[in-house]
Structures are given as C-alpha cells and as structure tokens.
>>> print(open('run20.txt').read())   # compact mmCIF, C-alpha atoms and all ligand atoms
# COMPACT_ATOMS: atom_id res chain seq x y z
CA MET A 1 134.88 177.70 218.67
CA HIS A 2 136.82 180.80 219.48
CA TYR A 3 138.61 180.94 222.80
CA PRO A 4 139.91 184.27 224.03
CA SER A 5 143.68 184.33 224.14
CA LYS A 6 145.47 184.16 227.50
CA ASN A 7 146.41 187.79 227.17
CA LYS A 8 142.83 188.83 226.61
CA VAL A 9 141.68 186.92 229.67
CA ARG A 10 144.36 188.58 231.76
CA MET A 11 143.32 192.00 230.50
CA LEU A 12 139.68 191.26 231.27
CA LEU A 13 140.62 190.13 234.78
CA VAL A 14 142.67 193.28 235.35
CA ALA A 15 139.81 195.45 234.10
CA ALA A 16 137.28 193.60 236.26
CA SER A 17 139.36 193.90 239.40
CA MET A 18 139.98 197.59 238.71
CA PHE A 19 136.24 198.06 238.38
CA LEU A 20 135.64 196.24 241.66
CA LEU A 21 138.31 198.30 243.40
CA ALA A 22 136.80 201.52 242.10
CA ALA A 23 133.28 200.47 243.09
CA GLY A 24 134.52 199.46 246.53
CA GLY A 25 136.26 202.81 246.92
CA LEU A 26 133.08 204.59 245.93
CA GLN A 27 131.10 202.56 248.42
CA ASN A 28 133.60 203.43 251.16
CA ALA A 29 133.45 207.10 250.22
CA ASN A 30 129.64 206.94 250.33
CA ALA A 31 129.77 205.31 253.74
CA ASP A 32 132.18 208.04 254.91
CA VAL A 33 129.84 210.78 253.70
CA LYS A 34 126.86 209.09 255.36
CA GLN A 35 128.75 208.71 258.61
CA GLU A 36 129.95 212.31 258.42
CA ASN A 37 126.36 213.48 257.87
CA ALA A 38 125.13 211.40 260.79
CA VAL A 39 127.82 212.81 263.09
CA ASN A 40 126.97 216.31 261.91
CA ALA A 41 123.22 215.80 262.39
CA GLU A 42 123.92 214.60 265.92
CA ARG A 43 126.10 217.64 266.60
CA VAL A 44 123.44 220.02 265.23
CA GLN A 45 120.82 218.35 267.45
CA LYS A 46 123.08 218.69 270.48
CA GLY A 47 123.70 222.35 269.58
CA LYS A 48 119.99 222.97 269.31
CA VAL A 49 119.39 221.70 272.84
CA LEU A 50 122.32 223.72 274.22
CA PHE A 51 121.02 226.78 272.39
CA SER A 52 117.56 226.49 273.92
CA GLU A 53 119.10 226.10 277.37
CA ASN A 54 121.66 228.91 277.18
CA CYS A 55 120.88 231.38 274.43
CA GLN A 56 117.20 231.39 273.57
CA VAL A 57 116.20 233.57 276.51
CA CYS A 58 117.85 236.51 274.71
CA HIS A 59 118.30 235.43 271.09
CA GLN A 60 114.74 234.05 270.90
CA GLU A 61 113.46 230.79 269.54
CA GLY A 62 115.53 229.50 266.63
CA GLY A 63 117.91 232.49 267.06
CA ALA A 64 115.53 234.92 265.35
CA GLY A 65 116.72 237.80 267.56
CA LYS A 66 114.86 240.83 268.85
CA PRO A 67 115.93 244.44 268.18
CA GLY A 68 117.15 246.10 271.36
CA VAL A 69 117.53 242.74 273.14
CA ALA A 70 119.81 240.45 271.12
CA PRO A 71 120.74 240.25 267.43
CA SER A 72 119.47 237.64 264.99
CA LEU A 73 121.85 234.70 264.61
CA THR A 74 120.07 233.21 261.62
CA ASN A 75 120.21 235.94 258.98
CA LYS A 76 122.12 234.80 255.92
CA GLU A 77 124.46 237.79 255.85
CA LEU A 78 125.82 237.18 259.37
CA LEU A 79 126.22 233.47 258.72
CA SER A 80 128.01 234.11 255.45
CA ALA A 81 130.27 236.90 256.74
CA ALA A 82 131.21 235.28 260.06
CA SER A 83 134.07 232.78 260.16
CA ASP A 84 133.81 229.90 262.63
CA ARG A 85 136.50 231.68 264.60
CA PHE A 86 134.36 234.82 264.93
CA LEU A 87 131.39 232.80 266.19
CA LEU A 88 133.39 230.51 268.52
CA ASP A 89 135.38 233.38 270.04
CA THR A 90 132.31 235.61 270.45
CA ILE A 91 130.44 232.85 272.30
CA ARG A 92 133.48 231.92 274.40
CA ASP A 93 134.46 235.49 275.39
CA GLY A 94 131.04 237.17 275.17
CA ARG A 95 130.96 240.92 274.62
CA PRO A 96 132.20 242.81 277.66
CA ASP A 97 130.13 245.82 278.58
CA THR A 98 127.03 244.41 276.82
CA ALA A 99 124.41 241.82 277.81
CA MET A 100 126.20 239.07 275.81
CA PRO A 101 127.66 236.81 278.54
CA THR A 102 130.96 234.89 278.56
CA PHE A 103 130.40 231.17 278.02
CA GLY A 104 134.03 230.02 278.15
CA GLN A 105 133.69 228.75 281.74
CA LEU A 106 130.16 227.41 281.44
CA LEU A 107 130.42 225.40 278.22
CA LYS A 108 133.11 223.03 276.91
CA ASP A 109 134.76 223.82 273.57
CA GLU A 110 132.93 220.94 271.91
CA GLU A 111 129.61 222.25 273.23
CA ILE A 112 130.32 225.69 271.79
CA GLN A 113 131.32 223.95 268.55
CA ALA A 114 127.97 222.11 268.56
CA ILE A 115 126.11 225.40 268.95
CA VAL A 116 128.04 226.83 265.99
CA SER A 117 127.09 223.75 263.93
CA TYR A 118 123.46 224.38 264.88
CA LEU A 119 123.72 228.04 263.77
CA ARG A 120 125.47 226.97 260.55
CA SER A 121 122.49 224.72 259.76
CA PHE A 122 120.49 227.93 259.11
CA GLY A 123 123.03 229.25 256.58
CA THR A 124 121.84 229.43 252.99
CA GLU A 125 124.90 231.05 251.42
CA PRO A 126 128.55 229.97 251.18
CA VAL A 127 130.62 230.99 254.20
CA LYS A 128 132.80 233.89 253.02
CA GLY A 129 134.23 234.57 256.50
CA GLY A 130 137.87 233.66 255.86
CA MET A 131 137.92 235.50 252.54
CA LEU A 132 136.40 238.65 254.06
CA ASP A 133 138.84 238.53 256.99
CA ASN A 134 141.67 238.75 254.42
CA ASP A 135 140.06 241.72 252.69
CA ARG A 136 142.05 244.97 252.54
CA LYS A 137 142.26 247.19 255.61
CA ALA A 138 140.07 250.29 255.58
CA MET A 139 142.10 253.45 254.95
CA GLY A 140 139.61 256.23 255.37
CA ASP A 141 139.31 259.63 256.97
CA PRO A 142 138.07 259.16 260.55
CA ARG A 143 136.71 262.73 260.74
CA LEU A 144 134.50 262.16 257.71
CA GLY A 145 133.63 258.75 259.13
CA ALA A 146 132.49 260.37 262.37
CA ARG A 147 130.19 262.61 260.37
CA TRP A 148 128.66 259.75 258.36
CA PHE A 149 128.31 257.76 261.53
CA SER A 150 126.42 260.44 263.41
CA GLN A 151 124.18 261.16 260.44
CA VAL A 152 123.44 257.62 259.32
CA CYS A 153 124.25 255.06 262.02
CA ALA A 154 124.05 256.70 265.45
CA GLY A 155 120.23 256.76 265.45
CA CYS A 156 120.21 252.99 265.83
CA HIS A 157 123.68 252.13 267.16
CA GLY A 158 124.03 254.99 269.68
CA VAL A 159 126.05 258.22 269.54
CA ASN A 160 129.34 256.38 270.16
CA GLY A 161 128.22 252.97 269.00
CA GLU A 162 127.29 251.99 272.56
CA GLY A 163 124.35 249.90 271.32
CA TYR A 164 121.50 248.66 273.46
CA GLU A 165 123.10 250.02 276.65
CA GLY A 166 122.50 253.50 275.33
CA SER A 167 119.33 254.21 273.45
CA GLY A 168 120.28 251.94 270.56
CA SER A 169 118.21 249.37 268.73
CA GLY A 170 121.38 248.08 267.04
CA THR A 171 124.37 246.31 268.58
CA ALA A 172 127.39 247.93 270.26
CA ILE A 173 129.52 248.34 267.13
CA GLY A 174 131.67 251.02 268.83
CA LYS A 175 132.82 248.67 271.61
CA SER A 176 135.85 246.41 271.67
CA GLY A 177 133.79 243.23 272.27
CA PHE A 178 132.63 243.50 268.68
CA LEU A 179 135.52 245.42 267.09
CA GLY A 180 138.20 243.18 268.60
CA LYS A 181 136.77 240.17 266.75
CA ALA A 182 135.39 241.71 263.55
CA SER A 183 137.72 242.26 260.58
CA ASP A 184 137.38 245.29 258.31
CA GLY A 185 136.14 242.95 255.57
CA PHE A 186 133.38 241.61 257.84
CA ILE A 187 132.23 245.11 258.80
CA ARG A 188 132.38 246.29 255.16
CA TYR A 189 130.25 243.34 254.03
CA ILE A 190 127.57 243.99 256.65
CA ILE A 191 127.42 247.73 255.91
CA LYS A 192 126.98 246.98 252.21
CA ASN A 193 124.55 244.09 252.50
CA GLY A 194 122.74 244.69 255.76
CA ARG A 195 121.04 241.82 257.56
CA SER A 196 117.87 240.17 256.31
CA ASN A 197 114.88 240.23 258.63
CA THR A 198 116.40 242.86 260.93
CA PRO A 199 116.27 246.67 260.91
CA MET A 200 119.85 246.68 259.54
CA ARG A 201 119.56 247.44 255.81
CA GLY A 202 122.30 247.54 253.24
CA PHE A 203 123.84 250.98 252.73
CA ALA A 204 125.64 250.61 249.42
CA GLY A 205 124.47 251.52 245.94
CA PRO A 206 121.40 253.38 244.71
CA THR A 207 119.05 250.81 246.32
CA GLY A 208 120.85 251.13 249.64
CA MET A 209 119.48 253.16 252.53
CA ALA A 210 122.03 255.94 252.14
CA ASN A 211 123.95 255.04 248.98
CA LEU A 212 127.34 255.13 250.68
CA ASN A 213 130.25 254.60 248.31
CA GLU A 214 133.36 252.46 248.98
CA GLN A 215 135.34 255.43 250.31
CA GLU A 216 132.58 256.58 252.66
CA ILE A 217 132.19 253.05 254.01
CA ASP A 218 135.95 252.93 254.62
CA ASP A 219 135.73 256.33 256.39
CA ILE A 220 133.18 254.84 258.78
CA ILE A 221 135.24 251.70 259.45
CA THR A 222 138.32 253.86 260.12
CA TYR A 223 136.27 255.92 262.56
CA LEU A 224 135.06 252.74 264.34
CA ARG A 225 138.73 251.66 264.74
CA VAL A 226 139.37 254.99 266.51
CA LEU A 227 136.48 254.28 268.91
CA GLN A 228 138.02 250.85 269.60
CA LYS A 229 141.13 252.58 271.09
C1 LIG A 301 121.55 237.73 278.47
C2 LIG A 301 121.29 237.79 277.04
C3 LIG A 301 122.13 236.91 276.13
C4 LIG A 301 122.36 235.56 276.21
C5 LIG A 301 121.90 234.59 277.29
C6 LIG A 301 123.15 235.22 275.04
N1 LIG A 301 123.39 236.32 274.28
FE1 LIG A 301 124.45 236.38 272.54
N2 LIG A 301 124.23 238.39 272.48
C7 LIG A 301 123.48 239.13 273.37
C8 LIG A 301 123.59 240.52 273.00
C9 LIG A 301 122.92 241.68 273.73
C10 LIG A 301 124.44 240.60 271.87
C11 LIG A 301 124.89 241.85 271.15
C12 LIG A 301 125.89 242.59 271.98
C13 LIG A 301 126.36 243.85 271.30
O1 LIG A 301 125.69 244.88 271.46
O2 LIG A 301 127.40 243.80 270.62
C14 LIG A 301 124.81 239.23 271.57
C15 LIG A 301 125.64 238.87 270.50
C16 LIG A 301 125.91 237.58 270.12
C17 LIG A 301 126.64 237.19 268.95
C18 LIG A 301 127.21 238.13 267.89
C19 LIG A 301 126.19 238.28 266.80
C20 LIG A 301 126.47 239.37 265.83
O3 LIG A 301 125.49 239.91 265.33
O4 LIG A 301 127.63 239.70 265.59
C21 LIG A 301 126.67 235.84 268.92
C22 LIG A 301 127.32 234.96 267.87
C23 LIG A 301 125.96 235.37 270.08
N3 LIG A 301 125.51 236.45 270.80
C24 LIG A 301 125.76 234.05 270.40
C25 LIG A 301 125.17 233.62 271.58
C26 LIG A 301 125.06 232.23 271.95
C27 LIG A 301 125.47 231.07 271.08
C28 LIG A 301 124.50 232.20 273.19
C29 LIG A 301 124.25 230.98 274.07
C30 LIG A 301 125.39 230.11 274.28
C31 LIG A 301 124.22 233.57 273.59
N4 LIG A 301 124.64 234.39 272.57
C32 LIG A 301 123.60 233.95 274.76
C33 LIG A 301 122.76 238.67 274.44
C34 LIG A 301 122.77 237.37 274.90
C1 LIG A 302 117.51 251.39 261.34
C2 LIG A 302 118.50 251.06 262.34
C3 LIG A 302 119.93 250.89 261.91
C4 LIG A 302 120.72 251.76 261.20
C5 LIG A 302 120.34 253.11 260.65
C6 LIG A 302 122.03 251.12 261.12
N1 LIG A 302 122.01 249.92 261.74
FE1 LIG A 302 123.55 248.60 261.82
N2 LIG A 302 122.38 247.29 262.78
C7 LIG A 302 121.09 247.53 263.20
C8 LIG A 302 120.61 246.37 263.91
C9 LIG A 302 119.24 246.22 264.54
C10 LIG A 302 121.66 245.42 263.89
C11 LIG A 302 121.64 244.04 264.47
C12 LIG A 302 120.86 243.17 263.57
C13 LIG A 302 120.15 242.09 264.31
O1 LIG A 302 119.30 242.39 265.15
O2 LIG A 302 120.45 240.95 264.01
C14 LIG A 302 122.75 246.04 263.18
C15 LIG A 302 123.98 245.41 262.95
C16 LIG A 302 125.09 246.03 262.42
C17 LIG A 302 126.40 245.44 262.32
C18 LIG A 302 126.80 244.06 262.79
C19 LIG A 302 127.21 244.16 264.25
C20 LIG A 302 127.41 242.87 264.99
O3 LIG A 302 127.13 242.84 266.19
O4 LIG A 302 127.82 241.89 264.38
C21 LIG A 302 127.22 246.38 261.77
C22 LIG A 302 128.70 246.25 261.49
C23 LIG A 302 126.42 247.56 261.54
N3 LIG A 302 125.13 247.30 261.94
C24 LIG A 302 126.91 248.74 261.03
C25 LIG A 302 126.11 249.86 260.77
C26 LIG A 302 126.64 251.08 260.22
C27 LIG A 302 128.10 251.37 259.95
C28 LIG A 302 125.58 251.92 260.04
C29 LIG A 302 125.58 253.28 259.39
C30 LIG A 302 126.09 253.33 258.06
C31 LIG A 302 124.39 251.21 260.52
N4 LIG A 302 124.77 249.96 260.94
C32 LIG A 302 123.12 251.71 260.52
C33 LIG A 302 120.35 248.66 262.98
C34 LIG A 302 120.76 249.74 262.24
>>> encode(input="run20.txt", output="structure tokens", more="lines below")
Ligand code: HEC
Ligand code: HEC
Amino acid sequence: MHYPSKNKVRMLLVAASMFLLAAGGLQNANADVKQENAVNAERVQKGKVLFSENCQVCHQEGGAGKPGVAPSLTNKELLSAASDRFLLDTIRDGRPDTAMPTFGQLLKDEEIQAIVSYLRSFGTEPVKGGMLDNDRKAMGDPRLGARWFSQVCAGCHGVNGEGYEGSGSGTAIGKSGFLGKASDGFIRYIIKNGRSNTPMRGFAGPTGMANLNEQEIDDIITYLRVLQK
C-alpha cells in the first residue's frame, strides 16, 4: 500500500481549501450581481411608472417622442451621447423658455434617478457621454456657422434655434436650456449621427443629409455658442 506523504496531504488540503474559497467568492459575486440586477429592475419599474405619470403626456408612450411636441428619449444616439448628468440636470431644471417643465421641486432626486434608469433600459449602445463631454472645444467661424445654420438647420430648428416655440419641428438648440447643459462633443456627435426614428438625420459624410465636414460642423457649434450669450 502506498500512503501519501504528510506533505502531500497538506498540499492537497491547501489546494482544496483554496478551491472552496474561490468557489465561495464566485458564489458571493454571483449573488451580488443578481441582487444588483434585482435592485436595478425594481428601479427601472419605478421609473416607468413615474414616466407614465409625469412625462408621457408630452414624450408619448415609451418615450417615443413626437416632432413639434417633445423629442424622442429612446433613440440610441441620444442615449449614447447623453451622460447621466445631462439627463438628470435636464429633468431637474427643465428647459426654460420651452415646454419642458422643471421637475426639481416635484420629484425627489432618487425618483429622477429612477426615470433615468428607465430611459437607460432602452439604450442599445455604450454610453459615450463622459467621453464626448471631454471632446475638444469647437473653434470655428461663427459667421460661416450662421450661414450653414440658416441654410441647413433653421428650417426645422427655427431661424434662431428657437425650436417648437417658433415654427420649428426640432428642439430649441439656440436656447440656453439646451446649450447650457450640452457639451460641444455632444452637439458634434448628434450633428454627425442624427437621431434614429426622428426627422433629425446625420449631416456628416457623403451619406449625410448635407455632407458637412468637421470644420463646417465646428462653425455651426461656434455659432450656437454665440446664440447662447
Ligand atoms: C409639457 C410637456 C413636457 C413634459 C410633461 C415633459 N417634457 Fe421633457 N421635453 C419637452 C420638450 C418640449 C422638450 C424639448 C425642449 C427644447 O426645445 O429644447 C423636452 C426635452 C426633454 C429632454 C431633453 C431631450 C433631448 O433631446 O435633449 C429630456 C431628457 C426630457 N425632456 C425628459 C423629460 C422627463 C423625464 C419628463 C418627465 C419627468 C419630461 N421630460 C416631461 C416637453 C415635456
Ligand atoms: C428635417 C428637420 C431637421 C433638420 C434639417 C435639422 N434638425 Fe436637428 N433635430 C430635428 C429634430 C426633430 C430633433 C429632435 C429629435 C427628436 O424628436 O427626438 C433634432 C435634434 C437636434 C439636436 C439635439 C437637441 C436636443 O434637444 O438634445 C441637435 C444638436 C440638432 N438637432 C442639431 C441640428 C443642426 C446643427 C442642424 C443643421 C446642420 C439640424 N439639427 C438640422 C430636426 C432637424
């Protein structure tokens, strides 16, 4: 008969206990993920209810939006380009001088957070928000930007970007409610990529609506920053 040496037994015991520890850790991690998912699902459900009570009347069922009334909150470009901060602050402060109300007094922070979780549940692309917010500042020629704007954008967004309040079918991108919260990177991304399932198409490249190049897009953003002041 061959008995394993004492050393071998000790090594086996050490290996077995390491395995158990690792398995236990994995189980804990799994439980954490499950719990996290459950908490998140609950938050999304809560956000859905709050959305139907407070937002749906304008933003439509499931946040689909309606041109001239309220923008879509479910298109993948918005959800990818917008940081949580952008969404939270926009809901809290609203957009002065537009139909988008202020919810800071009506809803608690955690309720607004739940609504953002609900909106995030529609997202199909990674959230680039923070990265875009750190994108370079637009350094364009505002006079050229004004020209592009009146030729290409004003038809939908209004002569001075006044949006629905004017004759626009697009949002008030010339007003501080939007410009005060949107970074140059955010605006650049939307101009290039547009917004799925809305009249807002992408404007960059040969397949874009107007094939604007980087410099022309920066001219427009620089012009919008002039309108903001
Ligand atoms: C009375 C109508 C109305 C209600 C109610 C309303 N909104 Fe809005 N919302 C608007 C309009 C109009 C805009 C666009 C304003 C503009 O022209 O910039 C907007 C814009 C937004 C934006 C910015 C979207 C973008 O494209 O940048 C977000 C986010 C938003 N609303 C979220 C909400 C949420 C969440 C609620 C409910 C808590 C809500 N809104 C309730 C009318 C409304
Ligand atoms: C055919 C109409 C149309 C044209 C032309 C158009 N837009 Fe838009 N744009 C829209 C609509 C509609 C929305 C809101 C999308 C929605 O309903 O969700 C929008 C949204 C945007 C947004 C996001 C605003 C926000 O509230 O978050 C930006 C930025 C924007 N447009 C910039 C431009 C610029 C710059 C041009 C010109 C190069 C332009 N758009 C041309 C219709 C248009």
>>> closest_atom_pairs(input="run20.txt", of="range 40-59 of chain A", to="range 64-75 of chain A", cutoff="9 Å", atoms="all atoms listed in the file", output="Markdown table")
| residue | atom | partner | partner_atom | distance |
| --- | --- | --- | --- | --- |
| A:Gln56 | CA | A:Gly65 | CA | 8.8 |
| A:Cys58 | CA | A:Ala70 | CA | 5.7 |
| A:His59 | CA | A:Gly65 | CA | 4.5 |
>>> atom_distance(input="run20.txt", atom1="atom C24 of ligand LIG 301 (chain A)", atom2="CA of Gln45 in chain A")
16.7 Å
>>> residues_near_ligand(input="run20.txt", ligand="ligand LIG 301 (chain A)", cutoff="7 Å", atoms="only C-alpha atoms and all ligand atoms", output="VMD selection string")
chain A and resid 51 54 to 59 69 to 73 78 87 90 to 91 95 98 to 101 103 115 163 to 164 170 to 173 177 to 178
>>> closest_residue(input="run20.txt", among="A:Pro199, A:Gly205, A:Gly168, A:Gly47", to="ligand LIG 302 (chain A)", atoms="all atoms listed in the file")
A:Pro199
>>> residues_near_point(input="run20.txt", point="(141.6, 237.3, 254.6)", cutoff="12 Å", atoms="all atoms listed in the file", output="list in words")
Ala81, Ala82, Ser83, Lys128, Gly129, Gly130, Met131, Leu132, Asp133, Asn134, Asp135, Arg136, Lys137, Ala182, Ser183, Asp184, Gly185 and Phe186 of chain A
>>> atom_distance(input="run20.txt", atom1="CA of Leu179 in chain A", atom2="CA of Gln228 in chain A")
6.5 Å
>>> atom_distance(input="run20.txt", atom1="CA of Gly202 in chain A", atom2="atom C15 of ligand LIG 302 (chain A)")
10.1 Å
>>> closest_residue(input="run20.txt", among="A:Glu61, A:Glu216, A:Glu42, A:Asp84", to="Gln113 in chain A", atoms="all atoms listed in the file")
A:Asp84
>>> axis_aligned_box(input="run20.txt", around="ligand LIG 302 (chain A)", padding_each_side="8 Å", output="JSON")
{"center_x": 123.1, "center_y": 247.1, "center_z": 262.1, "size_x": 27.2, "size_y": 28.4, "size_z": 24.1}
>>> residues_around(input="run20.txt", residues="Thr222 in chain A", least_positions_apart="5", cutoff="8 Å", atoms="all atoms listed in the file", output="ChimeraX atom specification")
/A:138-142,145
>>> residues_around(input="run20.txt", residues="Leu212 in chain A", least_positions_apart="5", cutoff="12 Å", atoms="all atoms listed in the file", output="tab-separated table (two decimals) with C-alpha atoms, in the frame of the given file")
chain	number	residue	atom	x	y	z
A	145	GLY	CA	133.63	258.75	259.13
A	148	TRP	CA	128.66	259.75	258.36
A	149	PHE	CA	128.31	257.76	261.53
A	151	GLN	CA	124.18	261.16	260.44
A	152	VAL	CA	123.44	257.62	259.32
A	153	CYS	CA	124.25	255.06	262.02
A	188	ARG	CA	132.38	246.29	255.16
A	191	ILE	CA	127.42	247.73	255.91
A	192	LYS	CA	126.98	246.98	252.21
A	193	ASN	CA	124.55	244.09	252.50
A	202	GLY	CA	122.30	247.54	253.24
A	203	PHE	CA	123.84	250.98	252.73
A	204	ALA	CA	125.64	250.61	249.42
A	205	GLY	CA	124.47	251.52	245.94
A	206	PRO	CA	121.40	253.38	244.71
A	207	THR	CA	119.05	250.81	246.32
A	217	ILE	CA	132.19	253.05	254.01
A	218	ASP	CA	135.95	252.93	254.62
A	219	ASP	CA	135.73	256.33	256.39
A	220	ILE	CA	133.18	254.84	258.78
>>> closest_residue(input="run20.txt", among="A:Ala210, A:Ala38, A:Ile187, A:Val49", to="ligand LIG 302 (chain A)", atoms="all atoms listed in the file")
A:Ile187
>>> residues_around(input="run20.txt", residues="Lys46 in chain A", least_positions_apart="6", cutoff="9 Å", atoms="only C-alpha atoms", output="PyMOL selection string")
chain A and resi 111+114-115+118
>>> build_atoms(input="run20.txt", residues="range 97-129 of chain A", atoms="N, CA and C atoms", output="compact mmCIF listing (two decimals), keeping the file's coordinate frame")
# COMPACT_ATOMS: atom_id res chain seq x y z
N ASP A 97 130.80 244.52 278.62
CA ASP A 97 130.13 245.82 278.58
C ASP A 97 128.85 245.79 277.73
N THR A 98 128.35 244.58 277.44
CA THR A 98 127.03 244.41 276.82
C THR A 98 126.37 243.23 277.55
N ALA A 99 125.13 242.92 277.15
CA ALA A 99 124.41 241.82 277.81
C ALA A 99 124.91 240.45 277.37
N MET A 100 125.73 240.38 276.32
CA MET A 100 126.20 239.07 275.81
C MET A 100 127.21 238.46 276.79
N PRO A 101 126.80 237.38 277.50
CA PRO A 101 127.66 236.81 278.54
C PRO A 101 128.85 236.04 277.99
N THR A 102 129.82 235.75 278.87
CA THR A 102 130.96 234.89 278.56
C THR A 102 130.57 233.44 278.80
N PHE A 103 130.79 232.56 277.81
CA PHE A 103 130.40 231.17 278.02
C PHE A 103 131.60 230.24 278.17
N GLY A 104 132.80 230.81 278.10
CA GLY A 104 134.03 230.02 278.15
C GLY A 104 134.13 229.12 279.37
N GLN A 105 133.61 229.56 280.53
CA GLN A 105 133.69 228.75 281.74
C GLN A 105 132.53 227.76 281.85
N LEU A 106 131.40 228.18 281.27
CA LEU A 106 130.16 227.41 281.44
C LEU A 106 130.08 226.22 280.48
N LEU A 107 130.57 226.43 279.26
CA LEU A 107 130.42 225.40 278.22
C LEU A 107 131.80 224.90 277.78
N LYS A 108 131.87 223.60 277.45
CA LYS A 108 133.11 223.03 276.91
C LYS A 108 133.26 223.48 275.46
N ASP A 109 134.50 223.44 274.97
CA ASP A 109 134.76 223.82 273.57
C ASP A 109 133.87 223.06 272.60
N GLU A 110 133.71 221.74 272.86
CA GLU A 110 132.93 220.94 271.91
C GLU A 110 131.44 221.31 271.98
N GLU A 111 131.00 221.82 273.12
CA GLU A 111 129.61 222.25 273.23
C GLU A 111 129.41 223.55 272.44
N ILE A 112 130.39 224.44 272.56
CA ILE A 112 130.32 225.69 271.79
C ILE A 112 130.37 225.36 270.29
N GLN A 113 131.23 224.39 269.94
CA GLN A 113 131.32 223.95 268.55
C GLN A 113 129.98 223.41 268.05
N ALA A 114 129.28 222.67 268.93
CA ALA A 114 127.97 222.11 268.56
C ALA A 114 126.96 223.23 268.32
N ILE A 115 127.03 224.27 269.14
CA ILE A 115 126.11 225.40 268.95
C ILE A 115 126.40 226.08 267.61
N VAL A 116 127.69 226.22 267.28
CA VAL A 116 128.04 226.83 265.99
C VAL A 116 127.53 225.96 264.83
N SER A 117 127.63 224.64 264.97
CA SER A 117 127.09 223.75 263.93
C SER A 117 125.58 223.95 263.79
N TYR A 118 124.91 224.12 264.91
CA TYR A 118 123.46 224.38 264.88
C TYR A 118 123.18 225.69 264.13
N LEU A 119 123.94 226.76 264.46
CA LEU A 119 123.72 228.04 263.77
C LEU A 119 124.03 227.89 262.27
N ARG A 120 125.11 227.17 261.96
CA ARG A 120 125.47 226.97 260.55
C ARG A 120 124.36 226.27 259.77
N SER A 121 123.55 225.46 260.46
CA SER A 121 122.49 224.72 259.76
C SER A 121 121.43 225.67 259.21
N PHE A 122 121.42 226.93 259.66
CA PHE A 122 120.49 227.93 259.11
C PHE A 122 121.06 228.62 257.87
N GLY A 123 122.37 228.50 257.66
CA GLY A 123 123.03 229.25 256.58
C GLY A 123 122.54 228.82 255.21
N THR A 124 122.29 229.78 254.33
CA THR A 124 121.84 229.43 252.99
C THR A 124 122.84 229.89 251.94
N GLU A 125 123.90 230.57 252.37
CA GLU A 125 124.90 231.05 251.42
C GLU A 125 126.28 230.54 251.81
N PRO A 126 127.20 230.44 250.84
CA PRO A 126 128.55 229.97 251.18
C PRO A 126 129.17 230.85 252.27
N VAL A 127 129.95 230.23 253.14
CA VAL A 127 130.62 230.99 254.20
C VAL A 127 131.80 231.73 253.59
N LYS A 128 131.73 233.07 253.61
CA LYS A 128 132.80 233.89 253.02
C LYS A 128 133.78 234.36 254.09
N GLY A 129 133.48 234.03 255.36
CA GLY A 129 134.23 234.57 256.50
C GLY A 129 135.72 234.73 256.30
